[in-house]
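As structure tokens, the structure follows; a few thoughts come after it.
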Amino acid sequence: MKLVLYAASSAYAKEAAETARRLDWQIAAAVRNLAGAPVAAGLGPVVEADDLEADLLMLPFTVALTTPGHRYTASMDARHRGFAFPATLIDPTSIVASSAVIGCGSYVNAGAIVAAEVVTGRFCSINRGASIGHDTTLADYVSVGPGSVTGGSCRIGRGAFLGVGAVLAPQVSIGANAVVGAGAVVVRDVDEESVVVGNPARTIRDDAGFAGVGVPPAEEWRHRQGAR
């Protein structure tokens, strides 16, 4: 199988490339969508986004970016340029329950565990060694950092970001575009567009997504997609 790495200037693209190689997928192109941005050596043939040809546009693509807002923007850009087939990239070293549903365009990185009846939306990122508890729902564009753990039946809203080693107690809800800091222990619900840190986690400020870049509501996504 051939795969296109879109927005390949991100360092996280190297992780996706390693997963692709473990799956024995060939990287057909590493697409640079920001003029002049560096692309790491060894990812594959570098192609500028303005120079894409029809044969590449017919291939599945993945967007390996850790910031939900940037992943949203890049995935939309890829679609607008003519890509139609988001790849669901699941590392062969991860453990994904047979009853789990992984949304198209999502990436489950090495050593992650996705438990029974988990459902993720589109273009989610579950990073190295993360563990998603049973019956948990991740909305579109959620990012789960390395080593993060959720209890069962959690709800993680659109564009939310869980930092490295964050821990969610069972049945906790995280609002859209909220940020859970590295190592935070969350024992109660987190409002949308809030940043929480510490043990137990407390709100330190309001912010519209990780790095101040949020993901628009689903209604806006559907409007921009039109008839797609």
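So you can find residues: chains in the structure tokens are A, B, ... in the order shown, residues in each start at 1, and ligands are numbered from 1 in order.
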Secondary structure check, strand (DSSP E) residues of segment 106-147 of chain A, as a PyMOL selection string: chain A and resi 107-108+113-114+119-120+125-126+131-132+137-138+143-144
Report as a ChimeraX atom specification all protein, DNA and RNA residues lying within 10 Å of Lys14 of chain A, evaluated on only C-alpha atoms, omitting residues in the same chain fewer than 4 positions from it. /A:5,8-10,18-20,39-43,64
The residue from A:Asp55, A:Asp135, A:Asp206, A:Glu117 with the smallest atom-to-atom distance to Ala178 of chain A, counting only C-alpha atoms, is A:Asp206
One decimal, in Å: what's the spacing between atom CA of Pro217 of chain A and atom CA of Ala115 of chain A?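 Distance between the two atoms: 27.0 Å.
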Who sits within 7 Å of segment 100-114 of chain A, only C-alpha atoms, same chain under 6 positions skipped, as a ChimeraX atom specification: /A:62,86-91,93-94,120-133
Let's see if you can do this: from backbone DSSP, list all helix (DSSP H, G or I) residues in segment 22-129 of chain A, as a list in words.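 So the helix (DSSP H, G or I) residues in segment 22-129 of chain A would be Arg22, Ala49, Asp50, Asp51, Ala54, Asp55, Leu56, Leu57, Pro68, Gly69, His70, Arg71, Tyr72, Thr73, Ala74, Ser75, Met76, Asp77, Ala78, Arg79, His80 and Arg81 of chain A.
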Could those residues be written to a file, using C-alpha atoms, as a compact mmCIF listing (two decimals), in the first residue's frame?
```txt
# COMPACT_ATOMS: atom_id res chain seq x y z
CA ARG A 22 6.18 -1.33 10.28
CA ALA A 49 1.68 21.14 -2.15
CA ASP A 50 1.33 23.36 -5.22
CA ASP A 51 2.98 20.68 -7.38
CA ALA A 54 -3.27 13.40 -10.03
CA ASP A 55 -1.60 10.08 -9.22
CA LEU A 56 -0.70 11.28 -5.71
CA LEU A 57 -4.15 12.76 -5.11
CA PRO A 68 -5.60 19.59 16.89
CA GLY A 69 -6.16 23.00 15.31
CA HIS A 70 -3.21 22.61 12.95
CA ARG A 71 -4.31 19.06 12.07
CA TYR A 72 -7.77 20.39 11.24
CA THR A 73 -6.37 23.12 9.00
CA ALA A 74 -3.98 20.77 7.20
CA SER A 75 -6.61 18.08 6.68
CA MET A 76 -8.98 20.67 5.22
CA ASP A 77 -6.20 21.96 2.98
CA ALA A 78 -5.48 18.42 1.78
CA ARG A 79 -9.15 17.89 0.93
CA HIS A 80 -9.35 21.21 -0.90
CA ARG A 81 -6.32 20.26 -2.99
```
Applying 9 Å and only C-alpha atoms, which residues near segment 183-194 of chain A remain after dropping the ones on its own chain fewer than 5 positions away? List them as a short mmCIF file (atom, residue, chain, number, x, y, z; two decimals) with N, CA and C atoms, in the first residue's frame.
```cif
data_model
loop_
_atom_site.label_atom_id
_atom_site.label_comp_id
_atom_site.auth_asym_id
_atom_site.auth_seq_id
_atom_site.Cartn_x
_atom_site.Cartn_y
_atom_site.Cartn_z
N SER A 148 -0.64 8.99 28.20
CA SER A 148 -1.88 9.42 28.85
C SER A 148 -2.80 8.23 29.09
N GLY A 157 -14.07 15.99 24.11
CA GLY A 157 -14.71 16.81 23.10
C GLY A 157 -13.82 17.17 21.92
N ALA A 160 -10.01 18.62 21.66
CA ALA A 160 -9.36 18.65 22.98
C ALA A 160 -7.97 18.03 22.89
N LEU A 162 -4.90 16.23 25.33
CA LEU A 162 -4.41 15.67 26.60
C LEU A 162 -2.90 15.62 26.54
N GLY A 163 -2.22 16.28 27.46
CA GLY A 163 -0.77 16.33 27.45
C GLY A 163 -0.12 15.02 27.89
N VAL A 164 1.20 14.98 27.80
CA VAL A 164 1.97 13.79 28.15
C VAL A 164 1.63 13.32 29.56
N GLY A 165 1.25 12.06 29.70
CA GLY A 165 1.03 11.46 31.01
C GLY A 165 -0.20 11.96 31.75
N ALA A 166 -1.11 12.63 31.08
CA ALA A 166 -2.34 13.06 31.74
C ALA A 166 -3.19 11.84 32.11
N VAL A 167 -3.95 11.97 33.21
CA VAL A 167 -4.78 10.88 33.70
C VAL A 167 -6.20 11.40 33.90
N LEU A 168 -7.17 10.67 33.33
CA LEU A 168 -8.58 11.02 33.50
C LEU A 168 -9.26 9.93 34.32
N ALA A 169 -9.96 10.33 35.38
CA ALA A 169 -10.76 9.38 36.14
C ALA A 169 -11.93 8.89 35.29
N PRO A 170 -12.50 7.73 35.62
CA PRO A 170 -13.64 7.23 34.85
C PRO A 170 -14.79 8.23 34.80
N GLN A 171 -15.47 8.25 33.67
CA GLN A 171 -16.69 9.02 33.43
C GLN A 171 -16.46 10.53 33.41
N VAL A 172 -15.23 10.96 33.29
CA VAL A 172 -14.94 12.39 33.19
C VAL A 172 -15.20 12.86 31.76
N SER A 173 -15.71 14.08 31.62
CA SER A 173 -15.92 14.69 30.32
C SER A 173 -14.96 15.88 30.15
N ILE A 174 -14.35 15.95 28.97
CA ILE A 174 -13.45 17.06 28.64
C ILE A 174 -14.10 17.84 27.51
N GLY A 175 -14.26 19.15 27.68
CA GLY A 175 -14.97 19.95 26.70
C GLY A 175 -14.17 20.18 25.43
N ALA A 176 -14.86 20.63 24.41
CA ALA A 176 -14.23 20.91 23.12
C ALA A 176 -13.12 21.94 23.27
N ASN A 177 -12.00 21.70 22.59
CA ASN A 177 -10.85 22.62 22.57
C ASN A 177 -10.27 22.88 23.96
N ALA A 178 -10.54 21.99 24.90
CA ALA A 178 -9.90 22.10 26.21
C ALA A 178 -8.50 21.50 26.15
N ASN A 199 -2.60 18.17 40.14
CA ASN A 199 -3.21 16.99 40.76
C ASN A 199 -3.76 17.38 42.13
N PRO A 200 -5.10 17.46 42.23
CA PRO A 200 -6.09 17.31 41.16
C PRO A 200 -6.06 18.50 40.21
N ALA A 201 -6.48 18.28 38.99
CA ALA A 201 -6.41 19.33 37.98
C ALA A 201 -7.29 20.51 38.33
N ARG A 202 -6.78 21.70 38.06
CA ARG A 202 -7.53 22.93 38.29
C ARG A 202 -7.39 23.82 37.05
N THR A 203 -8.37 24.64 36.83
CA THR A 203 -8.36 25.54 35.67
C THR A 203 -7.44 26.71 35.95
N ILE A 204 -6.52 26.98 35.02
CA ILE A 204 -5.62 28.12 35.19
C ILE A 204 -5.94 29.25 34.22
N ARG A 205 -6.63 28.95 33.13
CA ARG A 205 -7.02 30.00 32.19
C ARG A 205 -7.98 29.42 31.16
N ASP A 206 -8.61 30.32 30.42
CA ASP A 206 -9.41 29.93 29.27
C ASP A 206 -8.59 30.17 28.01
N ASP A 207 -8.65 29.23 27.09
CA ASP A 207 -7.90 29.35 25.85
C ASP A 207 -8.60 28.53 24.79
N ALA A 208 -8.60 29.03 23.56
CA ALA A 208 -9.35 28.39 22.49
C ALA A 208 -8.51 27.32 21.81
N GLY A 209 -8.14 26.29 22.56
CA GLY A 209 -7.41 25.18 21.99
C GLY A 209 -5.94 25.19 22.32
N PHE A 210 -5.29 24.03 22.13
CA PHE A 210 -3.85 23.91 22.39
C PHE A 210 -3.08 24.89 21.51
N GLY A 214 -7.79 26.54 17.96
CA GLY A 214 -8.91 25.63 18.18
C GLY A 214 -9.40 24.99 16.90
#
```
